[in-house]
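Structure data (TSV, N, CA and C atoms and all ligand atoms) from protein.tsv:
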chain	number	residue	atom	x	y	z
A	1	MET	N	0.87	-1.20	0.00
A	1	MET	CA	0.00	0.00	0.00
A	1	MET	C	0.89	1.24	0.00
A	2	SER	N	0.79	2.08	-1.00
A	2	SER	CA	1.62	3.28	-1.01
A	2	SER	C	0.94	4.36	-0.18
A	3	SER	N	1.77	5.17	0.43
A	3	SER	CA	1.20	6.18	1.32
A	3	SER	C	1.66	7.57	0.91
A	4	THR	N	1.00	8.56	1.45
A	4	THR	CA	1.38	9.94	1.23
A	4	THR	C	1.57	10.57	2.60
A	5	THR	N	2.56	11.46	2.70
A	5	THR	CA	2.93	11.99	4.01
A	5	THR	C	2.79	13.50	4.05
A	6	GLY	N	2.17	13.96	5.12
A	6	GLY	CA	2.07	15.40	5.36
A	6	GLY	C	2.85	15.75	6.60
A	7	LYS	N	3.07	17.04	6.82
A	7	LYS	CA	3.82	17.44	8.01
A	7	LYS	C	3.31	18.78	8.54
A	8	CYS	N	3.61	18.98	9.83
A	8	CYS	CA	3.27	20.27	10.44
A	8	CYS	C	4.24	21.32	9.92
A	9	LEU	N	3.99	22.54	10.28
A	9	LEU	CA	4.81	23.65	9.77
A	9	LEU	C	6.28	23.49	10.11
A	10	CYS	N	6.60	23.07	11.33
A	10	CYS	CA	8.01	22.96	11.73
A	10	CYS	C	8.62	21.61	11.37
A	11	GLY	N	7.79	20.64	11.02
A	11	GLY	CA	8.31	19.35	10.58
A	11	GLY	C	8.54	18.33	11.69
A	12	GLN	N	8.26	18.70	12.95
A	12	GLN	CA	8.47	17.75	14.06
A	12	GLN	C	7.47	16.60	14.02
A	13	ILE	N	6.32	16.84	13.39
A	13	ILE	CA	5.29	15.81	13.33
A	13	ILE	C	4.96	15.53	11.86
A	14	THR	N	4.99	14.23	11.50
A	14	THR	CA	4.56	13.84	10.16
A	14	THR	C	3.40	12.86	10.29
A	15	VAL	N	2.56	12.88	9.28
A	15	VAL	CA	1.39	12.01	9.24
A	15	VAL	C	1.37	11.31	7.89
A	16	SER	N	1.31	9.98	7.92
A	16	SER	CA	1.20	9.23	6.67
A	16	SER	C	-0.14	8.52	6.61
A	17	ILE	N	-0.77	8.61	5.45
A	17	ILE	CA	-2.05	7.92	5.22
A	17	ILE	C	-1.97	7.20	3.86
A	18	PRO	N	-2.77	6.15	3.66
A	18	PRO	CA	-2.73	5.46	2.37
A	18	PRO	C	-3.15	6.41	1.24
A	19	LYS	N	-2.43	6.34	0.12
A	19	LYS	CA	-2.77	7.18	-1.04
A	19	LYS	C	-4.21	6.94	-1.48
A	20	GLU	N	-4.62	5.66	-1.40
A	20	GLU	CA	-5.99	5.32	-1.85
A	20	GLU	C	-7.04	6.12	-1.09
A	21	ALA	N	-6.73	6.44	0.18
A	21	ALA	CA	-7.71	7.16	1.00
A	21	ALA	C	-8.04	8.52	0.38
A	22	LEU	N	-7.04	9.12	-0.29
A	22	LEU	CA	-7.25	10.44	-0.88
A	22	LEU	C	-8.25	10.41	-2.02
A	23	ASN	N	-8.36	9.24	-2.67
A	23	ASN	CA	-9.25	9.15	-3.83
A	23	ASN	C	-10.60	8.52	-3.49
A	24	ALA	N	-10.75	8.05	-2.25
A	24	ALA	CA	-12.03	7.47	-1.85
A	24	ALA	C	-13.08	8.57	-1.83
A	25	ASN	N	-14.31	8.19	-2.07
A	25	ASN	CA	-15.38	9.18	-2.11
A	25	ASN	C	-16.08	9.27	-0.76
A	26	GLY	N	-16.41	10.47	-0.35
A	26	GLY	CA	-17.24	10.63	0.85
A	26	GLY	C	-16.47	10.71	2.14
A	27	ASN	N	-15.12	10.70	2.08
A	27	ASN	CA	-14.37	10.72	3.33
A	27	ASN	C	-13.61	12.02	3.55
A	28	THR	N	-13.82	13.00	2.66
A	28	THR	CA	-13.15	14.29	2.84
A	28	THR	C	-14.21	15.36	3.11
A	29	ALA	N	-13.92	16.22	4.05
A	29	ALA	CA	-14.91	17.22	4.45
A	29	ALA	C	-14.23	18.53	4.80
A	30	LEU	N	-14.87	19.60	4.37
A	30	LEU	CA	-14.47	20.93	4.80
A	30	LEU	C	-15.43	21.33	5.90
A	31	CYS	N	-14.93	21.58	7.10
A	31	CYS	CA	-15.80	21.90	8.23
A	31	CYS	C	-15.65	23.38	8.60
A	32	HIS	N	-16.82	24.05	8.62
A	32	HIS	CA	-16.82	25.49	8.91
A	32	HIS	C	-17.24	25.80	10.34
A	33	CYS	N	-17.31	24.79	11.22
A	33	CYS	CA	-17.78	25.07	12.58
A	33	CYS	C	-16.82	26.03	13.29
A	34	LYS	N	-17.34	26.75	14.27
A	34	LYS	CA	-16.54	27.79	14.93
A	34	LYS	C	-15.30	27.19	15.58
A	35	ASN	N	-15.43	25.96	16.12
A	35	ASN	CA	-14.28	25.35	16.79
A	35	ASN	C	-13.15	25.08	15.79
A	36	CYS	N	-13.53	24.59	14.58
A	36	CYS	CA	-12.50	24.36	13.56
A	36	CYS	C	-11.90	25.69	13.11
A	37	CYS	N	-12.73	26.72	13.00
A	37	CYS	CA	-12.21	28.05	12.63
A	37	CYS	C	-11.19	28.52	13.66
A	38	ARG	N	-11.56	28.40	14.94
A	38	ARG	CA	-10.66	28.89	16.00
A	38	ARG	C	-9.40	28.03	16.06
A	39	ALA	N	-9.56	26.71	15.94
A	39	ALA	CA	-8.40	25.82	16.04
A	39	ALA	C	-7.38	26.11	14.95
A	40	GLY	N	-7.87	26.51	13.77
A	40	GLY	CA	-6.96	26.76	12.66
A	40	GLY	C	-6.70	28.23	12.42
A	41	GLY	N	-7.41	29.10	13.16
A	41	GLY	CA	-7.27	30.54	12.92
A	41	GLY	C	-7.70	30.88	11.51
A	42	SER	N	-8.71	30.17	10.99
A	42	SER	CA	-9.02	30.30	9.57
A	42	SER	C	-10.51	30.12	9.31
A	43	LEU	N	-10.86	29.85	8.05
A	43	LEU	CA	-12.27	29.71	7.66
A	43	LEU	C	-12.86	28.36	8.05
A	44	GLY	N	-12.03	27.48	8.56
A	44	GLY	CA	-12.51	26.15	8.93
A	44	GLY	C	-11.36	25.18	8.82
A	45	SER	N	-11.66	23.90	8.70
A	45	SER	CA	-10.58	22.93	8.52
A	45	SER	C	-10.99	21.95	7.44
A	46	ILE	N	-9.99	21.49	6.70
A	46	ILE	CA	-10.26	20.51	5.66
A	46	ILE	C	-9.67	19.18	6.12
A	47	ASN	N	-10.54	18.16	6.12
A	47	ASN	CA	-10.25	16.93	6.84
A	47	ASN	C	-10.45	15.71	5.97
A	48	ILE	N	-9.73	14.64	6.34
A	48	ILE	CA	-9.98	13.34	5.73
A	48	ILE	C	-10.15	12.33	6.85
A	49	ILE	N	-11.18	11.51	6.72
A	49	ILE	CA	-11.46	10.49	7.74
A	49	ILE	C	-10.74	9.21	7.34
A	50	VAL	N	-9.83	8.75	8.18
A	50	VAL	CA	-9.01	7.57	7.87
A	50	VAL	C	-9.07	6.61	9.06
A	51	LEU	N	-9.13	5.31	8.75
A	51	LEU	CA	-9.07	4.30	9.81
A	51	LEU	C	-7.83	4.53	10.66
A	52	GLU	N	-8.03	4.49	11.98
A	52	GLU	CA	-6.93	4.73	12.91
A	52	GLU	C	-5.71	3.87	12.57
A	53	SER	N	-5.97	2.59	12.20
A	53	SER	CA	-4.87	1.66	11.94
A	53	SER	C	-4.13	2.00	10.65
A	54	ASP	N	-4.71	2.85	9.80
A	54	ASP	CA	-4.07	3.24	8.54
A	54	ASP	C	-3.28	4.55	8.66
A	55	VAL	N	-3.34	5.19	9.83
A	55	VAL	CA	-2.65	6.47	10.02
A	55	VAL	C	-1.36	6.23	10.78
A	56	GLU	N	-0.25	6.71	10.22
A	56	GLU	CA	1.02	6.60	10.93
A	56	GLU	C	1.51	8.00	11.29
A	57	ILE	N	1.68	8.21	12.61
A	57	ILE	CA	2.11	9.53	13.10
A	57	ILE	C	3.52	9.39	13.64
A	58	LYS	N	4.41	10.29	13.22
A	58	LYS	CA	5.74	10.35	13.83
A	58	LYS	C	5.85	11.68	14.56
A	59	GLY	N	6.44	11.65	15.76
A	59	GLY	CA	6.47	12.84	16.60
A	59	GLY	C	5.37	12.75	17.63
A	60	GLN	N	5.35	13.69	18.55
A	60	GLN	CA	4.42	13.61	19.67
A	60	GLN	C	3.50	14.83	19.69
A	61	PRO	N	2.29	14.70	19.12
A	61	PRO	CA	1.38	15.85	19.15
A	61	PRO	C	0.88	16.13	20.58
A	62	THR	N	0.53	17.35	20.84
A	62	THR	CA	-0.13	17.74	22.08
A	62	THR	C	-1.64	17.60	21.87
A	63	ILE	N	-2.36	17.13	22.89
A	63	ILE	CA	-3.80	16.93	22.74
A	63	ILE	C	-4.56	17.99	23.53
A	64	TYR	N	-5.44	18.69	22.85
A	64	TYR	CA	-6.36	19.60	23.54
A	64	TYR	C	-7.73	18.95	23.62
A	65	GLN	N	-8.27	18.83	24.84
A	65	GLN	CA	-9.61	18.27	25.02
A	65	GLN	C	-10.62	19.38	24.77
A	66	ASP	N	-11.29	19.31	23.64
A	66	ASP	CA	-12.26	20.34	23.26
A	66	ASP	C	-13.65	19.90	23.73
A	67	SER	N	-14.10	20.48	24.83
A	67	SER	CA	-15.39	20.07	25.41
A	67	SER	C	-16.53	20.98	24.99
A	68	ASP	N	-16.22	22.06	24.28
A	68	ASP	CA	-17.25	23.00	23.85
A	68	ASP	C	-17.82	22.55	22.50
A	69	THR	N	-18.49	21.39	22.49
A	69	THR	CA	-18.98	20.82	21.24
A	69	THR	C	-20.50	20.74	21.27
A	70	ASN	N	-21.12	20.66	20.10
A	70	ASN	CA	-22.58	20.56	20.02
A	70	ASN	C	-23.09	19.28	20.66
A	71	SER	N	-22.34	18.19	20.49
A	71	SER	CA	-22.80	16.90	21.01
A	71	SER	C	-22.58	16.81	22.51
A	72	GLY	N	-21.74	17.68	23.07
A	72	GLY	CA	-21.44	17.62	24.49
A	72	GLY	C	-20.28	16.70	24.81
A	73	ALA	N	-19.89	15.87	23.83
A	73	ALA	CA	-18.77	14.95	24.05
A	73	ALA	C	-17.47	15.67	23.71
A	74	SER	N	-16.45	15.49	24.56
A	74	SER	CA	-15.15	16.10	24.28
A	74	SER	C	-14.52	15.46	23.06
A	75	VAL	N	-14.00	16.28	22.15
A	75	VAL	CA	-13.20	15.73	21.06
A	75	VAL	C	-11.74	16.08	21.35
A	76	GLN	N	-10.83	15.23	20.86
A	76	GLN	CA	-9.41	15.42	21.11
A	76	GLN	C	-8.81	16.10	19.89
A	77	ARG	N	-8.32	17.30	20.09
A	77	ARG	CA	-7.69	18.02	18.99
A	77	ARG	C	-6.17	17.95	19.16
A	78	ALA	N	-5.52	17.20	18.24
A	78	ALA	CA	-4.08	17.02	18.32
A	78	ALA	C	-3.40	18.09	17.48
A	79	PHE	N	-2.38	18.73	18.08
A	79	PHE	CA	-1.67	19.78	17.35
A	79	PHE	C	-0.18	19.70	17.71
A	80	CYS	N	0.63	20.37	16.92
A	80	CYS	CA	2.06	20.40	17.21
A	80	CYS	C	2.32	21.43	18.31
A	81	GLY	N	2.91	20.98	19.41
A	81	GLY	CA	3.18	21.88	20.52
A	81	GLY	C	4.28	22.89	20.22
A	82	ASN	N	5.00	22.65	19.15
A	82	ASN	CA	6.08	23.58	18.79
A	82	ASN	C	5.60	24.68	17.85
A	83	CYS	N	4.91	24.31	16.76
A	83	CYS	CA	4.52	25.31	15.76
A	83	CYS	C	3.02	25.58	15.75
A	84	GLY	N	2.21	24.73	16.42
A	84	GLY	CA	0.78	25.00	16.53
A	84	GLY	C	-0.09	24.44	15.42
A	85	SER	N	0.51	23.77	14.43
A	85	SER	CA	-0.32	23.19	13.36
A	85	SER	C	-1.31	22.19	13.92
A	86	SER	N	-2.57	22.24	13.45
A	86	SER	CA	-3.53	21.19	13.76
A	86	SER	C	-3.11	19.93	13.03
A	87	VAL	N	-3.18	18.77	13.70
A	87	VAL	CA	-2.71	17.53	13.07
A	87	VAL	C	-3.88	16.57	12.81
A	88	TYR	N	-4.67	16.28	13.83
A	88	TYR	CA	-5.85	15.44	13.64
A	88	TYR	C	-6.81	15.64	14.80
A	89	THR	N	-8.01	15.11	14.63
A	89	THR	CA	-9.01	15.13	15.69
A	89	THR	C	-9.55	13.72	15.85
A	90	THR	N	-9.83	13.32	17.09
A	90	THR	CA	-10.59	12.10	17.31
A	90	THR	C	-11.81	12.46	18.15
A	91	SER	N	-12.86	11.65	17.99
A	91	SER	CA	-14.11	11.92	18.70
A	91	SER	C	-14.69	10.61	19.20
A	92	PRO	N	-15.23	10.61	20.42
A	92	PRO	CA	-15.90	9.39	20.91
A	92	PRO	C	-17.09	9.02	20.04
A	93	ASN	N	-17.62	9.98	19.28
A	93	ASN	CA	-18.73	9.69	18.37
A	93	ASN	C	-18.28	9.03	17.08
A	94	MET	N	-16.97	9.00	16.83
A	94	MET	CA	-16.43	8.37	15.63
A	94	MET	C	-15.31	7.43	16.01
A	95	PRO	N	-15.66	6.30	16.66
A	95	PRO	CA	-14.62	5.39	17.13
A	95	PRO	C	-13.88	4.73	15.97
A	96	GLY	N	-12.58	4.50	16.15
A	96	GLY	CA	-11.80	3.75	15.17
A	96	GLY	C	-11.25	4.55	14.02
A	97	VAL	N	-11.55	5.85	13.98
A	97	VAL	CA	-11.01	6.67	12.89
A	97	VAL	C	-10.32	7.91	13.44
A	98	LYS	N	-9.41	8.45	12.62
A	98	LYS	CA	-8.82	9.75	12.91
A	98	LYS	C	-9.27	10.71	11.82
A	99	VAL	N	-9.59	11.91	12.23
A	99	VAL	CA	-9.93	12.97	11.28
A	99	VAL	C	-8.66	13.78	11.07
A	100	VAL	N	-7.98	13.49	9.96
A	100	VAL	CA	-6.65	14.05	9.70
A	100	VAL	C	-6.79	15.37	8.93
A	101	LYS	N	-5.98	16.35	9.32
A	101	LYS	CA	-6.05	17.67	8.69
A	101	LYS	C	-5.32	17.66	7.35
A	102	LEU	N	-6.06	17.86	6.28
A	102	LEU	CA	-5.48	17.77	4.93
A	102	LEU	C	-4.53	18.92	4.60
A	103	GLY	N	-4.63	20.00	5.34
A	103	GLY	CA	-3.74	21.14	5.09
A	103	GLY	C	-2.27	20.80	5.31
A	104	LEU	N	-1.99	19.67	5.95
A	104	LEU	CA	-0.61	19.24	6.19
A	104	LEU	C	0.03	18.65	4.94
A	105	PHE	N	-0.81	18.29	3.95
A	105	PHE	CA	-0.33	17.56	2.76
A	105	PHE	C	-0.14	18.51	1.58
A	106	ASP	N	0.76	18.11	0.66
A	106	ASP	CA	1.01	18.95	-0.51
A	106	ASP	C	-0.21	19.02	-1.42
A	107	ASP	N	-0.86	17.86	-1.62
A	107	ASP	CA	-2.02	17.84	-2.51
A	107	ASP	C	-3.28	17.69	-1.68
A	108	ILE	N	-4.19	18.60	-1.89
A	108	ILE	CA	-5.44	18.58	-1.14
A	108	ILE	C	-6.57	18.26	-2.11
A	109	PRO	N	-7.20	17.08	-1.96
A	109	PRO	CA	-8.29	16.75	-2.88
A	109	PRO	C	-9.52	17.61	-2.59
A	110	LYS	N	-10.37	17.69	-3.60
A	110	LYS	CA	-11.63	18.43	-3.43
A	110	LYS	C	-12.48	17.71	-2.38
A	111	PRO	N	-13.00	18.43	-1.40
A	111	PRO	CA	-13.80	17.75	-0.38
A	111	PRO	C	-15.13	17.25	-0.94
A	112	SER	N	-15.59	16.09	-0.44
A	112	SER	CA	-16.88	15.58	-0.88
A	112	SER	C	-18.01	16.16	-0.04
A	113	LEU	N	-17.71	16.60	1.16
A	113	LEU	CA	-18.74	17.15	2.04
A	113	LEU	C	-18.31	18.52	2.55
A	114	GLU	N	-19.30	19.37	2.80
A	114	GLU	CA	-19.04	20.66	3.43
A	114	GLU	C	-19.95	20.75	4.65
A	115	LEU	N	-19.36	20.90	5.83
A	115	LEU	CA	-20.11	20.81	7.08
A	115	LEU	C	-20.22	22.18	7.76
A	116	TYR	N	-21.27	22.34	8.54
A	116	TYR	CA	-21.55	23.59	9.26
A	116	TYR	C	-21.60	24.79	8.33
A	117	CYS	N	-22.32	24.59	7.20
A	117	CYS	CA	-22.44	25.67	6.22
A	117	CYS	C	-23.18	26.88	6.78
A	118	LYS	N	-23.95	26.66	7.85
A	118	LYS	CA	-24.65	27.80	8.46
A	118	LYS	C	-23.66	28.83	9.02
A	119	SER	N	-22.40	28.40	9.22
A	119	SER	CA	-21.41	29.33	9.77
A	119	SER	C	-20.54	29.99	8.70
A	120	ILE	N	-20.79	29.68	7.41
A	120	ILE	CA	-19.95	30.27	6.36
A	120	ILE	C	-20.24	31.76	6.26
A	121	PRO	N	-19.22	32.60	6.24
A	121	PRO	CA	-19.47	34.03	6.05
A	121	PRO	C	-20.14	34.28	4.70
A	122	SER	N	-20.95	35.33	4.63
A	122	SER	CA	-21.77	35.54	3.43
A	122	SER	C	-20.93	35.76	2.18
A	123	TRP	N	-19.69	36.21	2.33
A	123	TRP	CA	-18.86	36.48	1.15
A	123	TRP	C	-18.13	35.24	0.65
A	124	ASN	N	-18.24	34.14	1.38
A	124	ASN	CA	-17.56	32.90	0.98
A	124	ASN	C	-18.57	31.94	0.39
A	125	LYS	N	-18.41	31.57	-0.86
A	125	LYS	CA	-19.40	30.73	-1.55
A	125	LYS	C	-19.18	29.24	-1.30
A	126	PRO	N	-20.28	28.46	-1.27
A	126	PRO	CA	-20.14	27.01	-1.16
A	126	PRO	C	-19.39	26.46	-2.38
A	127	ILE	N	-18.81	25.28	-2.24
A	127	ILE	CA	-18.04	24.66	-3.31
A	127	ILE	C	-18.99	23.94	-4.27
A	128	ASP	N	-18.82	24.17	-5.57
A	128	ASP	CA	-19.63	23.47	-6.59
A	128	ASP	C	-19.41	21.98	-6.52
A	129	GLY	N	-20.48	21.21	-6.56
A	129	GLY	CA	-20.36	19.76	-6.65
A	129	GLY	C	-20.03	19.08	-5.33
A	130	THR	N	-20.03	19.83	-4.24
A	130	THR	CA	-19.79	19.27	-2.91
A	130	THR	C	-21.11	19.25	-2.16
A	131	LYS	N	-21.35	18.19	-1.38
A	131	LYS	CA	-22.60	18.09	-0.61
A	131	LYS	C	-22.54	18.99	0.60
A	132	GLN	N	-23.51	19.91	0.69
A	132	GLN	CA	-23.50	20.85	1.82
A	132	GLN	C	-24.48	20.43	2.93
A	133	PHE	N	-24.04	20.62	4.15
A	133	PHE	CA	-24.90	20.37	5.31
A	133	PHE	C	-24.89	21.58	6.22
A	134	ASP	N	-26.04	21.93	6.78
A	134	ASP	CA	-26.13	23.06	7.72
A	134	ASP	C	-25.22	22.85	8.91
A	135	THR	N	-25.27	21.61	9.42
A	135	THR	CA	-24.38	21.25	10.54
A	135	THR	C	-23.64	19.97	10.13
A	136	MET	N	-23.98	18.85	10.78
A	136	MET	CA	-23.38	17.55	10.42
A	136	MET	C	-24.44	16.72	9.71
A	137	PRO	N	-24.01	15.79	8.82
A	137	PRO	CA	-24.99	14.87	8.24
A	137	PRO	C	-25.61	14.02	9.34
A	138	THR	N	-26.91	13.81	9.28
A	138	THR	CA	-27.55	12.94	10.27
A	138	THR	C	-27.66	11.55	9.67
A	139	LYS	N	-27.40	10.55	10.50
A	139	LYS	CA	-27.39	9.18	9.97
A	139	LYS	C	-28.76	8.56	10.03
A	201	ZN	ZN	5.30	21.59	14.23
A	202	ZN	ZN	-15.54	21.60	12.64
Using the file provided, produce a representation of the structure as structure tokens.
Amino acid sequence: MSSTTGKCLCGQITVSIPKEALNANGNTALCHCKNCCRAGGSLGSINIIVLESDVEIKGQPTIYQDSDTNSGASVQRAFCGNCGSSVYTTSPNMPGVKVVKLGLFDDIPKPSLELYCKSIPSWNKPIDGTKQFDTMPTK
């Protein structure tokens, strides 16, 4: 299985995921929720959902327990303690997977989902051909 590797800004942390994961459909999402905006200091975060066992992390990320969530469950936001790059998120609501930050990688695929669109600023347009949700998709 060939993999692709991303890194934080300072390079102390690298993340490898299977290349095939980048081309799978439905596992990439741009999230506009306020927590993702604050965590990245940006318009949101662009993520890929990968099986925990398929993610290889080198280096030691710092974990922030984010308890200010809609579901009430704390999510773990892993970031580089040296440069501050967001690395991945895990959630008790999504066992067995890591939500890896695609901004760490050279090539960023077009997201298949756009989440928390209710928080998009009026001057920022939704992405053509991407499935939009007001908040999270309900199962
Ligand atoms: Zn770093
Ligand atoms: Zn979010």
Just checking: using all atoms listed in the file, which residue out of A:Gly103, A:Pro109, A:Pro137, A:Pro121 ends up closest to Leu22 (chain A)?
A:Pro109
Per DSSP on the backbone, filter region 48-96 of chain A down to the residues in strand (DSSP E or B) and report them as a short mmCIF file (atom, residue, chain, number, x, y, z; two decimals) with N, CA and C atoms, keeping the file's coordinate frame.
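What follows is the written file part20.cif:
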data_model
loop_
_atom_site.label_atom_id
_atom_site.label_comp_id
_atom_site.auth_asym_id
_atom_site.auth_seq_id
_atom_site.Cartn_x
_atom_site.Cartn_y
_atom_site.Cartn_z
N ILE A 48 -9.73 14.64 6.34
CA ILE A 48 -9.98 13.34 5.73
C ILE A 48 -10.15 12.33 6.85
N ILE A 49 -11.18 11.51 6.72
CA ILE A 49 -11.46 10.49 7.74
C ILE A 49 -10.74 9.21 7.34
N VAL A 50 -9.83 8.75 8.18
CA VAL A 50 -9.01 7.57 7.87
C VAL A 50 -9.07 6.61 9.06
N LEU A 51 -9.13 5.31 8.75
CA LEU A 51 -9.07 4.30 9.81
C LEU A 51 -7.83 4.53 10.66
N GLU A 56 -0.25 6.71 10.22
CA GLU A 56 1.02 6.60 10.93
C GLU A 56 1.51 8.00 11.29
N ILE A 57 1.68 8.21 12.61
CA ILE A 57 2.11 9.53 13.10
C ILE A 57 3.52 9.39 13.64
N LYS A 58 4.41 10.29 13.22
CA LYS A 58 5.74 10.35 13.83
C LYS A 58 5.85 11.68 14.56
N THR A 62 0.53 17.35 20.84
CA THR A 62 -0.13 17.74 22.08
C THR A 62 -1.64 17.60 21.87
N ILE A 63 -2.36 17.13 22.89
CA ILE A 63 -3.80 16.93 22.74
C ILE A 63 -4.56 17.99 23.53
N TYR A 64 -5.44 18.69 22.85
CA TYR A 64 -6.36 19.60 23.54
C TYR A 64 -7.73 18.95 23.62
N GLN A 65 -8.27 18.83 24.84
CA GLN A 65 -9.61 18.27 25.02
C GLN A 65 -10.62 19.38 24.77
N ASP A 66 -11.29 19.31 23.64
CA ASP A 66 -12.26 20.34 23.26
C ASP A 66 -13.65 19.90 23.73
N VAL A 75 -14.00 16.28 22.15
CA VAL A 75 -13.20 15.73 21.06
C VAL A 75 -11.74 16.08 21.35
N GLN A 76 -10.83 15.23 20.86
CA GLN A 76 -9.41 15.42 21.11
C GLN A 76 -8.81 16.10 19.89
N ARG A 77 -8.32 17.30 20.09
CA ARG A 77 -7.69 18.02 18.99
C ARG A 77 -6.17 17.95 19.16
N ALA A 78 -5.52 17.20 18.24
CA ALA A 78 -4.08 17.02 18.32
C ALA A 78 -3.40 18.09 17.48
N PHE A 79 -2.38 18.73 18.08
CA PHE A 79 -1.67 19.78 17.35
C PHE A 79 -0.18 19.70 17.71
N SER A 86 -2.57 22.24 13.45
CA SER A 86 -3.53 21.19 13.76
C SER A 86 -3.11 19.93 13.03
N VAL A 87 -3.18 18.77 13.70
CA VAL A 87 -2.71 17.53 13.07
C VAL A 87 -3.88 16.57 12.81
N TYR A 88 -4.67 16.28 13.83
CA TYR A 88 -5.85 15.44 13.64
C TYR A 88 -6.81 15.64 14.80
N THR A 89 -8.01 15.11 14.63
CA THR A 89 -9.01 15.13 15.69
C THR A 89 -9.55 13.72 15.85
N THR A 90 -9.83 13.32 17.09
CA THR A 90 -10.59 12.10 17.31
C THR A 90 -11.81 12.46 18.15
#
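The nearest approach to ligand ZN 201 (chain A) among the residues A:Cys10, A:Ile46, A:Ala78, A:Ala39, with all atoms listed in the file taken into account, belongs to A:Cys10.
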Neighbouring residues of ligand ZN 201 (chain A) are defined here as those with any atom at most 8 Å from a ligand atom, counting only N, CA and C atoms and all ligand atoms; list them as a PyMOL selection string.
chain A and resi 7-14+79-86
Each residue of chain A lying at most 5 Å from ligand ZN 202 (chain A) should get a row with its shortest atom-to-atom pair and the distance in Å to one decimal, counting all atoms listed in the file; could you produce that, ordered by chain and increasing number, as JSON lines?
{"residue": "A:Cys31", "atom": "C", "partner": "A:ZN202", "partner_atom": "ZN", "distance": 4.4}
{"residue": "A:His32", "atom": "N", "partner": "A:ZN202", "partner_atom": "ZN", "distance": 4.9}
{"residue": "A:Cys33", "atom": "N", "partner": "A:ZN202", "partner_atom": "ZN", "distance": 3.9}
{"residue": "A:Cys36", "atom": "N", "partner": "A:ZN202", "partner_atom": "ZN", "distance": 4.1}
For Ile127 (chain A), which residue among A:Ala29, A:Cys37, A:Ile63, A:Leu102 is the nearest when counting only C-alpha atoms?
A:Ala29
Based on the backbone DSSP call, show me all residues of chain A assigned alpha helix (DSSP H), as a VMD selection string.
chain A and resid 19 to 23 34 to 40
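With only C-alpha atoms as the atoms that count, the residue of A:Val97, A:Asn47, A:Arg38, A:Val15 with the shortest distance to Gly59 (chain A) is A:Val15.
Neighbouring residues of region 99-101 of chain A at 6.5 Å or closer, counting only N, CA and C atoms and skipping chain neighbours under 6 positions away, are Ile46, Asn47, Ile48, Ile49, Val50, Ser86, Val87, Tyr88, Thr89 and Thr90 of chain A.
Ranking A:Ser42, A:Thr4, A:Gln132, A:Gln76 by their shortest atom-to-atom distance to Cys117 (chain A), with only N, CA and C atoms included, puts A:Gln132 first.
Reported to one decimal place, the separation of atom N of Gly40 (chain A) from atom N of Thr62 (chain A) is 14.3 Å.
With atom N of Trp123 (chain A) on one side and CA of Thr28 (chain A) on the other, the separation reads 22.9 Å.
The space between atom C of Gln65 (chain A) and atom C of Thr5 (chain A) spans 25.4 Å.
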For a quick check of understanding, using only C-alpha atoms, which of A:Leu43, A:Met94, A:Ala21, A:Met136 has the smallest distance to Ser74 (chain A)?
A:Met94
Step by step: start from the point (-27.1, 23.8, 11.2) in the file's coordinates, keep every protein, DNA or RNA residue that has an atom no farther than 6.5 Å from it, count all atoms listed in the file, and write the set as a PyMOL selection string.
chain A and resi 116-118+133-136
Please list as a ChimeraX atom specification every residue within 8 Å of Ser112 (chain A), counting all atoms listed in the file and excluding residues in the same chain fewer than 5 positions away.
/A:25-30,129-132
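Once all atoms listed in the file are considered, the residues situated within 8 Å of the file point (4.4, 4.2, -0.5) turn out to be Met1, Ser2, Ser3, Thr4, Pro18 and Lys19 of chain A.
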Could you write out that same residue set with N, CA and C atoms as a PDB file, in the coordinates of the input?
ATOM      1  N   MET A   1       0.870  -1.200   0.000  1.00  0.00           N
ATOM      2  CA  MET A   1       0.000   0.000   0.000  1.00  0.00           C
ATOM      3  C   MET A   1       0.890   1.240   0.000  1.00  0.00           C
ATOM      4  N   SER A   2       0.790   2.080  -1.000  1.00  0.00           N
ATOM      5  CA  SER A   2       1.620   3.280  -1.010  1.00  0.00           C
ATOM      6  C   SER A   2       0.940   4.360  -0.180  1.00  0.00           C
ATOM      7  N   SER A   3       1.770   5.170   0.430  1.00  0.00           N
ATOM      8  CA  SER A   3       1.200   6.180   1.320  1.00  0.00           C
ATOM      9  C   SER A   3       1.660   7.570   0.910  1.00  0.00           C
ATOM     10  N   THR A   4       1.000   8.560   1.450  1.00  0.00           N
ATOM     11  CA  THR A   4       1.380   9.940   1.230  1.00  0.00           C
ATOM     12  C   THR A   4       1.570  10.570   2.600  1.00  0.00           C
ATOM     13  N   PRO A  18      -2.770   6.150   3.660  1.00  0.00           N
ATOM     14  CA  PRO A  18      -2.730   5.460   2.370  1.00  0.00           C
ATOM     15  C   PRO A  18      -3.150   6.410   1.240  1.00  0.00           C
ATOM     16  N   LYS A  19      -2.430   6.340   0.120  1.00  0.00           N
ATOM     17  CA  LYS A  19      -2.770   7.180  -1.040  1.00  0.00           C
ATOM     18  C   LYS A  19      -4.210   6.940  -1.480  1.00  0.00           C
TER      19      LYS A  19
END
